[in-house]
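What follows is target_0.cif (mmCIF, C-alpha atoms).
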data_query
#
loop_
_atom_site.group_PDB
_atom_site.id
_atom_site.type_symbol
_atom_site.label_atom_id
_atom_site.label_comp_id
_atom_site.auth_asym_id
_atom_site.auth_seq_id
_atom_site.Cartn_x
_atom_site.Cartn_y
_atom_site.Cartn_z
ATOM 1 C CA MET A 183 8.717 35.728 -80.336
ATOM 2 C CA SER A 184 7.343 33.107 -77.905
ATOM 3 C CA LEU A 185 4.440 30.906 -78.785
ATOM 4 C CA ARG A 186 1.611 31.193 -76.278
ATOM 5 C CA LEU A 187 -1.286 28.751 -76.268
ATOM 6 C CA PRO A 188 -4.723 29.569 -74.893
ATOM 7 C CA THR A 189 -5.078 28.709 -71.230
ATOM 8 C CA ARG A 190 -8.034 26.408 -71.846
ATOM 9 C CA LEU A 191 -5.867 24.281 -74.178
ATOM 10 C CA LEU A 192 -3.107 23.970 -71.579
ATOM 11 C CA PHE A 193 -5.523 22.756 -68.884
ATOM 12 C CA ALA A 194 -7.244 20.455 -71.338
ATOM 13 C CA GLY A 195 -3.935 18.773 -72.068
ATOM 14 C CA ALA A 196 -3.183 18.487 -68.367
ATOM 15 C CA ARG A 197 -6.499 16.814 -67.737
ATOM 16 C CA ARG A 198 -5.755 14.239 -70.391
ATOM 17 C CA ARG A 199 -2.420 13.372 -68.773
ATOM 18 C CA VAL A 200 -3.777 12.869 -65.224
ATOM 19 C CA ALA A 201 -4.274 9.214 -64.283
ATOM 20 C CA VAL A 202 -6.842 8.386 -61.630
ATOM 21 C CA LEU A 203 -5.216 6.193 -59.002
ATOM 22 C CA PRO A 204 -7.181 4.013 -56.574
ATOM 23 C CA ALA A 205 -7.388 5.380 -53.034
ATOM 24 C CA ALA A 206 -4.802 3.914 -50.704
ATOM 25 C CA PRO A 207 -6.323 1.825 -47.924
ATOM 26 C CA LYS A 208 -6.251 3.455 -44.509
ATOM 27 C CA VAL A 209 -3.957 1.724 -42.076
ATOM 28 C CA ALA A 210 -4.819 2.085 -38.384
ATOM 29 C CA ARG A 211 -2.774 0.437 -35.675
ATOM 30 C CA ALA A 212 -3.108 0.859 -31.936
ATOM 31 C CA LEU A 213 0.287 1.641 -30.441
ATOM 32 C CA SER A 214 -0.801 0.663 -26.950
ATOM 33 C CA GLN A 215 -3.872 -0.526 -25.176
ATOM 34 C CA CYS A 216 -4.791 -0.530 -21.528
ATOM 35 C CA SER A 217 -7.903 -0.873 -19.438
ATOM 36 C CA VAL A 218 -9.941 2.221 -18.687
ATOM 37 C CA ARG A 219 -10.049 3.307 -15.061
ATOM 38 C CA ARG A 220 -12.810 5.716 -14.287
ATOM 39 C CA SER A 221 -10.768 7.582 -11.686
ATOM 40 C CA ASP A 222 -8.203 8.822 -14.153
ATOM 41 C CA ALA A 223 -9.608 8.035 -17.598
ATOM 42 C CA LEU A 224 -10.275 11.701 -18.335
ATOM 43 C CA ALA A 225 -8.726 14.806 -16.808
ATOM 44 C CA VAL A 226 -12.022 16.654 -17.170
ATOM 45 C CA HIS A 227 -15.259 16.869 -15.226
ATOM 46 C CA ARG A 228 -18.689 16.180 -16.677
ATOM 47 C CA ASP A 229 -21.729 17.011 -14.554
ATOM 48 C CA THR A 230 -23.829 13.976 -13.627
ATOM 49 C CA PRO A 231 -26.841 13.617 -11.312
ATOM 50 C CA GLU A 232 -24.578 12.263 -8.538
ATOM 51 C CA ASN A 233 -21.594 14.541 -9.179
ATOM 52 C CA ASN A 234 -22.190 18.219 -9.881
ATOM 53 C CA PRO A 235 -21.436 21.504 -8.077
ATOM 54 C CA SER A 236 -25.044 21.928 -6.928
ATOM 55 C CA ILE A 237 -24.735 18.991 -4.518
ATOM 56 C CA PRO A 238 -23.789 20.465 -1.101
ATOM 57 C CA PHE A 239 -20.825 19.142 0.852
ATOM 58 C CA LYS A 240 -19.515 20.223 4.246
ATOM 59 C CA PHE A 241 -17.016 18.512 6.524
ATOM 60 C CA THR A 242 -18.441 17.071 9.713
ATOM 61 C CA GLU A 243 -17.325 18.472 13.062
ATOM 62 C CA GLN A 244 -15.171 15.419 13.689
ATOM 63 C CA ASN A 245 -13.509 15.742 10.307
ATOM 64 C CA LEU A 246 -12.932 19.453 10.791
ATOM 65 C CA ARG A 247 -11.019 18.625 13.982
ATOM 66 C CA LEU A 248 -9.021 16.094 11.987
ATOM 67 C CA VAL A 249 -8.320 18.687 9.281
ATOM 68 C CA ASP A 250 -7.092 21.092 11.975
ATOM 69 C CA GLU A 251 -4.675 18.425 13.198
ATOM 70 C CA VAL A 252 -3.403 17.947 9.640
ATOM 71 C CA LEU A 253 -2.940 21.689 9.101
ATOM 72 C CA LYS A 254 -0.743 21.924 12.211
ATOM 73 C CA ARG A 255 1.923 20.020 10.274
ATOM 74 C CA TYR A 256 2.366 22.865 7.785
ATOM 75 C CA PRO A 257 3.352 26.551 8.125
ATOM 76 C CA PRO A 258 0.243 28.787 8.141
ATOM 77 C CA GLN A 259 1.254 30.452 4.866
ATOM 78 C CA TYR A 260 1.591 27.033 3.185
ATOM 79 C CA LYS A 261 -1.573 25.288 4.288
ATOM 80 C CA LYS A 262 -2.375 24.543 0.657
ATOM 81 C CA ALA A 263 0.336 21.871 0.950
ATOM 82 C CA ALA A 264 -2.227 19.843 2.934
ATOM 83 C CA VAL A 265 -4.445 19.452 -0.133
ATOM 84 C CA MET A 266 -3.777 15.702 -0.502
ATOM 85 C CA PRO A 267 -4.627 14.533 3.050
ATOM 86 C CA VAL A 268 -7.615 16.897 3.211
ATOM 87 C CA LEU A 269 -8.914 15.556 -0.121
ATOM 88 C CA ASP A 270 -8.576 12.042 1.288
ATOM 89 C CA ILE A 271 -10.621 12.973 4.353
ATOM 90 C CA GLY A 272 -13.298 14.469 2.109
ATOM 91 C CA GLN A 273 -13.352 11.363 -0.081
ATOM 92 C CA ARG A 274 -13.749 9.087 2.925
ATOM 93 C CA GLN A 275 -16.636 11.153 4.243
ATOM 94 C CA HIS A 276 -18.464 11.547 0.938
ATOM 95 C CA GLY A 277 -17.598 8.153 -0.544
ATOM 96 C CA PHE A 278 -15.738 9.560 -3.545
ATOM 97 C CA CYS A 279 -13.904 12.734 -4.535
ATOM 98 C CA SER A 280 -16.731 14.698 -6.131
ATOM 99 C CA ILE A 281 -16.513 18.187 -7.581
ATOM 100 C CA SER A 282 -18.278 19.478 -4.451
ATOM 101 C CA VAL A 283 -15.602 17.912 -2.251
ATOM 102 C CA MET A 284 -12.873 19.553 -4.338
ATOM 103 C CA ASN A 285 -14.547 22.951 -4.153
ATOM 104 C CA GLU A 286 -14.926 22.728 -0.373
ATOM 105 C CA VAL A 287 -11.270 21.734 0.022
ATOM 106 C CA ALA A 288 -10.237 24.706 -2.148
ATOM 107 C CA LYS A 289 -12.333 27.028 0.014
ATOM 108 C CA LEU A 290 -10.983 25.560 3.245
ATOM 109 C CA LEU A 291 -7.338 25.816 2.155
ATOM 110 C CA GLU A 292 -7.797 29.199 0.451
ATOM 111 C CA MET A 293 -6.454 28.069 -2.900
ATOM 112 C CA PRO A 294 -7.814 28.267 -6.468
ATOM 113 C CA PRO A 295 -10.190 25.374 -7.224
ATOM 114 C CA MET A 296 -8.190 24.582 -10.370
ATOM 115 C CA ARG A 297 -5.170 23.716 -8.228
ATOM 116 C CA VAL A 298 -7.285 21.173 -6.353
ATOM 117 C CA TYR A 299 -8.644 19.766 -9.624
ATOM 118 C CA GLU A 300 -5.069 19.286 -10.854
ATOM 119 C CA VAL A 301 -4.220 17.147 -7.831
ATOM 120 C CA ALA A 302 -7.424 15.096 -7.905
ATOM 121 C CA THR A 303 -7.090 14.312 -11.613
ATOM 122 C CA PHE A 304 -3.409 13.345 -11.359
ATOM 123 C CA TYR A 305 -3.473 10.815 -8.511
ATOM 124 C CA THR A 306 -5.493 7.632 -8.969
ATOM 125 C CA MET A 307 -6.121 7.320 -5.227
ATOM 126 C CA TYR A 308 -8.864 9.903 -5.679
ATOM 127 C CA ASN A 309 -12.005 8.301 -7.106
ATOM 128 C CA ARG A 310 -13.840 10.976 -9.043
ATOM 129 C CA ASP A 311 -16.831 8.717 -9.625
ATOM 130 C CA PRO A 312 -18.834 6.714 -7.087
ATOM 131 C CA VAL A 313 -17.353 3.340 -6.183
ATOM 132 C CA GLY A 314 -18.841 0.248 -4.596
ATOM 133 C CA LYS A 315 -18.654 -0.717 -0.952
ATOM 134 C CA TYR A 316 -15.572 -2.789 -1.770
ATOM 135 C CA HIS A 317 -13.100 -1.221 -4.200
ATOM 136 C CA ILE A 318 -10.962 -4.048 -5.594
ATOM 137 C CA GLN A 319 -7.662 -2.810 -7.002
ATOM 138 C CA VAL A 320 -5.635 -5.527 -8.703
ATOM 139 C CA CYS A 321 -1.914 -5.005 -9.244
ATOM 140 C CA THR A 322 -0.702 -6.211 -12.656
ATOM 141 C CA THR A 323 2.825 -4.762 -12.654
ATOM 142 C CA THR A 324 5.742 -7.046 -13.551
ATOM 143 C CA PRO A 325 6.284 -8.940 -10.230
ATOM 144 C CA CYS A 326 2.574 -9.680 -9.870
ATOM 145 C CA MET A 327 2.268 -10.533 -13.557
ATOM 146 C CA LEU A 328 5.133 -13.041 -13.268
ATOM 147 C CA CYS A 329 3.302 -14.608 -10.313
ATOM 148 C CA ASP A 330 0.162 -15.036 -12.444
ATOM 149 C CA SER A 331 -1.891 -11.977 -11.601
ATOM 150 C CA ASP A 332 -3.695 -12.657 -14.892
ATOM 151 C CA SER A 333 -5.444 -15.599 -13.253
ATOM 152 C CA VAL A 334 -6.624 -13.310 -10.434
ATOM 153 C CA MET A 335 -7.880 -10.759 -12.971
ATOM 154 C CA ASN A 336 -9.742 -13.413 -14.930
ATOM 155 C CA ALA A 337 -11.242 -14.884 -11.753
ATOM 156 C CA ILE A 338 -12.686 -11.490 -10.801
ATOM 157 C CA LYS A 339 -14.006 -10.862 -14.318
ATOM 158 C CA GLU A 340 -15.736 -14.236 -14.463
ATOM 159 C CA HIS A 341 -17.010 -14.217 -10.883
ATOM 160 C CA LEU A 342 -18.388 -10.672 -10.849
ATOM 161 C CA ASN A 343 -19.160 -10.445 -14.566
ATOM 162 C CA ILE A 344 -17.558 -7.003 -14.871
ATOM 163 C CA THR A 345 -14.382 -5.605 -16.410
ATOM 164 C CA PRO A 346 -11.898 -3.118 -14.917
ATOM 165 C CA GLY A 347 -13.398 0.324 -14.457
ATOM 166 C CA HIS A 348 -16.907 -0.893 -13.678
ATOM 167 C CA THR A 349 -19.130 -1.547 -10.653
ATOM 168 C CA THR A 350 -21.462 -4.475 -10.105
ATOM 169 C CA GLU A 351 -25.179 -3.781 -10.440
ATOM 170 C CA ASP A 352 -25.729 -4.310 -6.710
ATOM 171 C CA GLY A 353 -23.134 -1.617 -5.932
ATOM 172 C CA ILE A 354 -21.011 -3.926 -3.781
ATOM 173 C CA PHE A 355 -17.843 -4.218 -5.873
ATOM 174 C CA THR A 356 -15.862 -1.819 -8.034
ATOM 175 C CA PHE A 357 -13.088 -3.417 -10.082
ATOM 176 C CA SER A 358 -9.883 -1.531 -11.027
ATOM 177 C CA GLU A 359 -6.532 -2.481 -12.494
ATOM 178 C CA VAL A 360 -3.645 -0.552 -10.936
ATOM 179 C CA GLU A 361 0.112 -0.290 -10.997
ATOM 180 C CA CYS A 362 2.520 -1.428 -8.279
ATOM 181 C CA LEU A 363 1.093 -1.383 -4.748
ATOM 182 C CA GLY A 364 4.400 -2.193 -3.076
ATOM 183 C CA ALA A 365 3.736 -5.762 -1.932
ATOM 184 C CA CYS A 366 5.852 -7.434 -4.624
ATOM 185 C CA VAL A 367 7.270 -10.117 -2.333
ATOM 186 C CA ASN A 368 3.760 -11.445 -1.694
ATOM 187 C CA ALA A 369 2.561 -11.274 -5.292
ATOM 188 C CA PRO A 370 -0.003 -11.569 -6.665
ATOM 189 C CA MET A 371 -2.053 -9.280 -4.475
ATOM 190 C CA VAL A 372 -5.040 -6.969 -4.441
ATOM 191 C CA GLN A 373 -6.014 -3.965 -2.361
ATOM 192 C CA ILE A 374 -9.618 -3.939 -1.147
ATOM 193 C CA ASN A 375 -10.401 -0.532 0.333
ATOM 194 C CA ASP A 376 -7.543 -0.033 2.818
ATOM 195 C CA ASP A 377 -6.531 -3.690 3.195
ATOM 196 C CA TYR A 378 -4.022 -5.838 1.294
ATOM 197 C CA TYR A 379 -4.776 -9.454 0.420
ATOM 198 C CA GLU A 380 -1.661 -11.248 -0.800
ATOM 199 C CA ASP A 381 -0.371 -14.602 -2.083
ATOM 200 C CA LEU A 382 -3.586 -14.990 -4.030
ATOM 201 C CA THR A 383 -4.739 -17.666 -6.422
ATOM 202 C CA ALA A 384 -7.786 -17.676 -8.660
ATOM 203 C CA GLU A 385 -9.571 -19.944 -6.199
ATOM 204 C CA SER A 386 -8.702 -17.971 -3.061
ATOM 205 C CA MET A 387 -9.770 -14.767 -4.834
ATOM 206 C CA LYS A 388 -13.191 -16.237 -5.589
ATOM 207 C CA GLN A 389 -13.576 -17.429 -1.992
ATOM 208 C CA LEU A 390 -12.721 -13.939 -0.738
ATOM 209 C CA LEU A 391 -15.268 -12.352 -3.083
ATOM 210 C CA ASP A 392 -17.957 -14.801 -1.960
ATOM 211 C CA ALA A 393 -17.264 -14.049 1.715
ATOM 212 C CA LEU A 394 -17.373 -10.287 1.193
ATOM 213 C CA LYS A 395 -20.518 -10.417 -0.920
ATOM 214 C CA SER A 396 -22.457 -12.663 1.464
ATOM 215 C CA THR A 397 -21.742 -10.341 4.403
ATOM 216 C CA ALA A 398 -21.794 -6.996 2.590
ATOM 217 C CA HIS A 399 -25.149 -5.920 4.016
ATOM 218 C CA GLN A 400 -24.272 -7.038 7.556
ATOM 219 C CA LEU A 401 -20.958 -5.226 7.907
ATOM 220 C CA PRO A 402 -20.324 -1.489 8.277
ATOM 221 C CA GLN A 403 -18.452 0.393 5.594
ATOM 222 C CA GLN A 404 -14.973 -1.119 5.351
ATOM 223 C CA ALA A 405 -13.179 2.028 4.257
ATOM 224 C CA LEU A 406 -13.048 4.233 7.362
ATOM 225 C CA MET A 407 -15.673 6.940 7.015
ATOM 226 C CA TRP A 408 -14.712 9.713 9.391
ATOM 227 C CA ASP A 409 -18.338 10.657 10.014
ATOM 228 C CA GLN A 410 -19.204 6.986 10.743
ATOM 229 C CA PRO A 411 -16.696 5.640 13.309
ATOM 230 C CA ALA A 412 -15.290 2.192 12.586
ATOM 231 C CA PRO A 413 -16.432 -0.622 14.889
ATOM 232 C CA THR A 414 -12.843 -1.361 15.994
ATOM 233 C CA GLY A 415 -12.730 1.839 18.019
ATOM 234 C CA ALA A 416 -10.124 3.430 15.753
ATOM 235 C CA THR A 417 -12.196 6.618 15.621
ATOM 236 C CA SER A 418 -14.451 6.092 18.633
ATOM 237 C CA GLY A 419 -13.147 9.158 20.459
ATOM 238 C CA SER A 420 -12.380 7.139 23.603
ATOM 239 C CA GLY A 421 -9.059 5.823 24.849
ATOM 240 C CA THR A 422 -5.664 7.466 24.926
ATOM 241 C CA GLY A 423 -5.858 9.104 21.501
ATOM 242 C CA ALA A 424 -8.089 12.149 21.093
ATOM 243 C CA LEU A 425 -8.722 11.457 17.417
ATOM 244 C CA THR A 426 -7.609 7.881 16.946
ATOM 245 C CA GLY A 427 -9.628 6.389 19.774
ATOM 246 C CA LYS A 428 -8.561 3.169 21.460
ATOM 247 C CA ASP A 429 -4.953 2.335 20.797
ATOM 248 C CA LYS A 430 -5.731 -1.338 20.423
ATOM 249 C CA GLY A 431 -8.089 -0.506 17.549
ATOM 250 C CA VAL A 432 -5.347 1.048 15.448
ATOM 251 C CA LYS A 433 -3.991 -1.312 12.826
ATOM 252 C CA SER A 434 -0.463 -2.545 13.411
ATOM 253 C CA GLY A 435 1.881 -4.554 11.228
ATOM 254 C CA LYS A 436 2.344 -6.999 14.115
ATOM 255 C CA LYS A 437 -1.297 -8.024 13.789
ATOM 256 C CA ILE A 438 -0.957 -9.219 10.185
ATOM 257 C CA ASN A 439 -2.131 -12.799 9.722
ATOM 258 C CA THR A 440 -2.312 -13.403 13.486
ATOM 259 C CA GLN A 441 -6.022 -12.782 13.927
ATOM 260 C CA PRO A 442 -8.566 -15.520 13.210
ATOM 261 C CA PRO A 443 -11.004 -15.019 10.338
ATOM 262 C CA LYS A 444 -13.949 -12.814 11.214
ATOM 263 C CA ALA A 445 -17.237 -14.731 11.240
ATOM 264 C CA VAL A 446 -20.362 -12.835 10.210
ATOM 265 C CA GLY A 447 -23.624 -14.732 9.928
ATOM 266 C CA GLY A 448 -21.725 -18.009 9.906
ATOM 267 C CA VAL A 449 -19.495 -16.867 7.022
ATOM 268 C CA LYS A 450 -15.757 -16.583 7.651
ATOM 269 C CA ILE A 451 -14.027 -13.549 6.158
ATOM 270 C CA PRO A 452 -10.258 -14.055 5.763
ATOM 271 C CA PRO A 453 -8.159 -11.448 7.598
ATOM 272 C CA PRO A 454 -6.002 -9.100 5.502
ATOM 273 C CA GLY A 455 -2.488 -10.250 4.689
ATOM 274 C CA PRO A 456 -1.034 -13.288 2.915
ATOM 275 C CA MET A 457 -3.705 -15.847 2.027
ATOM 276 C CA SER A 458 -1.157 -18.666 2.004
ATOM 277 C CA GLY A 459 -0.725 -18.759 5.771
ATOM 278 C CA ARG A 460 2.725 -17.234 5.960
ATOM 279 C CA LYS A 461 3.393 -13.990 7.805
ATOM 280 C CA THR A 462 4.431 -10.922 5.839
ATOM 281 C CA CYS A 463 7.205 -11.849 3.389
ATOM 282 C CA GLU A 464 9.286 -14.602 4.989
ATOM 283 C CA ASN A 465 10.363 -17.422 2.729
ATOM 284 C CA SER A 466 7.896 -20.322 2.704
ATOM 285 C CA ALA A 467 10.916 -22.666 2.748
ATOM 286 C CA LYS A 468 12.288 -20.904 5.845
ATOM 287 C CA LEU A 469 15.596 -19.027 5.838
ATOM 288 C CA THR A 470 17.991 -19.874 3.028
ATOM 289 C CA ASN A 471 20.578 -17.233 3.913
ATOM 290 C CA LEU A 472 21.703 -15.270 6.968
ATOM 291 C CA THR A 473 21.585 -18.546 8.881
ATOM 292 C CA GLY A 474 24.912 -18.065 10.691
ATOM 293 C CA PRO A 475 25.361 -16.491 14.118
ATOM 294 C CA LYS A 476 24.793 -12.767 14.264
ATOM 295 C CA TRP A 477 27.743 -10.517 14.937
ATOM 296 C CA GLY A 478 28.290 -6.807 15.343
ATOM 297 C CA PRO A 479 31.116 -4.269 15.229
ATOM 298 C CA GLU A 480 33.195 -6.332 17.651
ATOM 299 C CA VAL A 481 34.113 -8.543 14.679
ATOM 300 C CA THR A 482 35.147 -5.766 12.329
ATOM 301 C CA ARG A 483 36.526 -3.352 14.963
ATOM 302 C CA LYS A 484 39.190 -5.063 17.043
ATOM 303 C CA ASP A 485 39.996 -1.772 18.746
ATOM 304 C CA LEU A 486 36.628 -1.572 20.500
#

What would you get if you wrote out this structure as structure tokens?
Amino acid sequence: MSLRLPTRLLFAGARRRVAVLPAAPKVARALSQCSVRRSDALAVHRDTPENNPSIPFKFTEQNLRLVDEVLKRYPPQYKKAAVMPVLDIGQRQHGFCSISVMNEVAKLLEMPPMRVYEVATFYTMYNRDPVGKYHIQVCTTTPCMLCDSDSVMNAIKEHLNITPGHTTEDGIFTFSEVECLGACVNAPMVQINDDYYEDLTAESMKQLLDALKSTAHQLPQQALMWDQPAPTGATSGSGTGALTGKDKGVKSGKKINTQPPKAVGGVKIPPPGPMSGRKTCENSAKLTNLTGPKWGPEVTRKDL
């Protein structure tokens, strides 16, 4: 015969044996931290007064001709493969890659809008929020960091009084921190719209910002807007190129650091390229290797 106690007595005994322990403190530790970039901070869309589907967007006639030229590069059944260049054209026309731009590209390429959204939210080259007239993108990847890109970052923060991911109140500058831009040999460097400025220091960065700001309202839009032809003639419609305009207006690598600074209202704007005076990526101390006479296969192939 087993002895059974009333349930209330069992629980009463259990309550007496329970010790109340103090709550353990919550430990929170950030595993990583990086600056917020508005272009890719969130892979979602939130309607705003300047970015919502009710805002109409249509490609201009000139841009439609350009889109047709792009589509000729792809088989007719795969024209959706042109989504990236067509999105870029729409961004240049509208100023940023809005939801209306994405929807028009989806309609033009006959593809589901969600497929366009996936591309625009993945690549940081598409700005899904309005940006300033000059979009400053500072590279802070390892080569630039080793060449003191931090000083360039701090110079921009102090001079413009903004942090990465923000635009100045006057709408002239948007400041972003980005990964490698492929100009490691001329580090540190920044990309401003479509142009690279390299071999920077904190002081030369401030001088460049001052020059751009003082002439911002006297110069046309620096990023080529396909519905507003650039003053160089690159999209003027005249010359040997039907869509590119005068050949001499098209940017060429041979022109880097060979043109004098542009003067606007008495203010000199440094040309794109290395700010140290050297051309492209040659050693500032001149050649240290490959200094011997050049030779070809006649040295290694005696039978020739």

Distance of atom CA of A:Gly364 from atom CA of A:Tyr256, expressed in Å to one decimal place: 27.4 Å

Expansion of the PyMOL selection byres ((chain A and resi 388-397) around 10) into residues, as a PyMOL selection string: chain A and resi 315-316+318+334+337-338+340-342+352+354-355+379+382-387+398-402+445-453+457

Grab the residues selected above and save them as a PDB file, in the frame of the given file with C-alpha atoms.
ATOM      1  CA  LYS A 315     -18.654  -0.717  -0.952  1.00  0.00           C
ATOM      2  CA  TYR A 316     -15.572  -2.789  -1.770  1.00  0.00           C
ATOM      3  CA  ILE A 318     -10.962  -4.048  -5.594  1.00  0.00           C
ATOM      4  CA  VAL A 334      -6.624 -13.310 -10.434  1.00  0.00           C
ATOM      5  CA  ALA A 337     -11.242 -14.884 -11.753  1.00  0.00           C
ATOM      6  CA  ILE A 338     -12.686 -11.490 -10.801  1.00  0.00           C
ATOM      7  CA  GLU A 340     -15.736 -14.236 -14.463  1.00  0.00           C
ATOM      8  CA  HIS A 341     -17.010 -14.217 -10.883  1.00  0.00           C
ATOM      9  CA  LEU A 342     -18.388 -10.672 -10.849  1.00  0.00           C
ATOM     10  CA  ASP A 352     -25.729  -4.310  -6.710  1.00  0.00           C
ATOM     11  CA  ILE A 354     -21.011  -3.926  -3.781  1.00  0.00           C
ATOM     12  CA  PHE A 355     -17.843  -4.218  -5.873  1.00  0.00           C
ATOM     13  CA  TYR A 379      -4.776  -9.454   0.420  1.00  0.00           C
ATOM     14  CA  LEU A 382      -3.586 -14.990  -4.030  1.00  0.00           C
ATOM     15  CA  THR A 383      -4.739 -17.666  -6.422  1.00  0.00           C
ATOM     16  CA  ALA A 384      -7.786 -17.676  -8.660  1.00  0.00           C
ATOM     17  CA  GLU A 385      -9.571 -19.944  -6.199  1.00  0.00           C
ATOM     18  CA  SER A 386      -8.702 -17.971  -3.061  1.00  0.00           C
ATOM     19  CA  MET A 387      -9.770 -14.767  -4.834  1.00  0.00           C
ATOM     20  CA  ALA A 398     -21.794  -6.996   2.590  1.00  0.00           C
ATOM     21  CA  HIS A 399     -25.149  -5.920   4.016  1.00  0.00           C
ATOM     22  CA  GLN A 400     -24.272  -7.038   7.556  1.00  0.00           C
ATOM     23  CA  LEU A 401     -20.958  -5.226   7.907  1.00  0.00           C
ATOM     24  CA  PRO A 402     -20.324  -1.489   8.277  1.00  0.00           C
ATOM     25  CA  ALA A 445     -17.237 -14.731  11.240  1.00  0.00           C
ATOM     26  CA  VAL A 446     -20.362 -12.835  10.210  1.00  0.00           C
ATOM     27  CA  GLY A 447     -23.624 -14.732   9.928  1.00  0.00           C
ATOM     28  CA  GLY A 448     -21.725 -18.009   9.906  1.00  0.00           C
ATOM     29  CA  VAL A 449     -19.495 -16.867   7.022  1.00  0.00           C
ATOM     30  CA  LYS A 450     -15.757 -16.583   7.651  1.00  0.00           C
ATOM     31  CA  ILE A 451     -14.027 -13.549   6.158  1.00  0.00           C
ATOM     32  CA  PRO A 452     -10.258 -14.055   5.763  1.00  0.00           C
ATOM     33  CA  PRO A 453      -8.159 -11.448   7.598  1.00  0.00           C
ATOM     34  CA  MET A 457      -3.705 -15.847   2.027  1.00  0.00           C
TER      35      MET A 457
END

Please give the centre and size of the box around stretch 366-381 of chain A (axis-aligned, containing every atom listed in the file, 4 Å added per side), with values in Å to one decimal and written as lines of an AutoDock Vina configuration file.
center_x = -1.6
center_y = -7.3
center_z = -1.7
size_x = 25.7
size_y = 22.6
size_z = 17.9

Residue nearest A:Asp229 among A:Ile281, A:Cys366, A:Ala467, A:Met371 (counting all atoms listed in the file): A:Ile281

Test item: the PyMOL selection byres ((chain A and resi 288) around 12) resolved as a PyMOL selection string: chain A and resi 261-266+268-269+272+281-287+289-302

Distance of atom CA of A:Gly459 from atom CA of A:Ser358, expressed in Å to one decimal place: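 Interatomic distance, atom CA of A:Ser358 to atom CA of A:Gly459: 25.7 Å.
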
For atom CA of A:Cys326 and atom CA of A:Tyr305, the interatomic separation in Å (one decimal): 21.4 Å

Matched chain/residue IDs from the PyMOL selection byres ((chain A and resi 250) around 12), as a list in words: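 Evaluating the PyMOL selection byres ((chain A and resi 250) around 12) on this file yields Phe241, Glu243, Gln244, Asn245, Leu246, Arg247, Leu248, Val249, Glu251, Val252, Leu253, Lys254, Arg255, Tyr256, Pro258, Lys261, Ala264, Pro267, Val268, Ile271, Leu290, Leu291 and Leu425 of chain A.
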
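Nearest to A:Cys362 of all the residues A:Cys279, A:Ile237, A:Val226, A:Val320 is A:Val320, based on all atoms listed in the file.
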
Using only C-alpha atoms: which of A:Phe357, A:Leu363, A:Thr303, A:Thr345 has the shortest distance to A:Thr323: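 The closest residue to A:Thr323 is A:Leu363.
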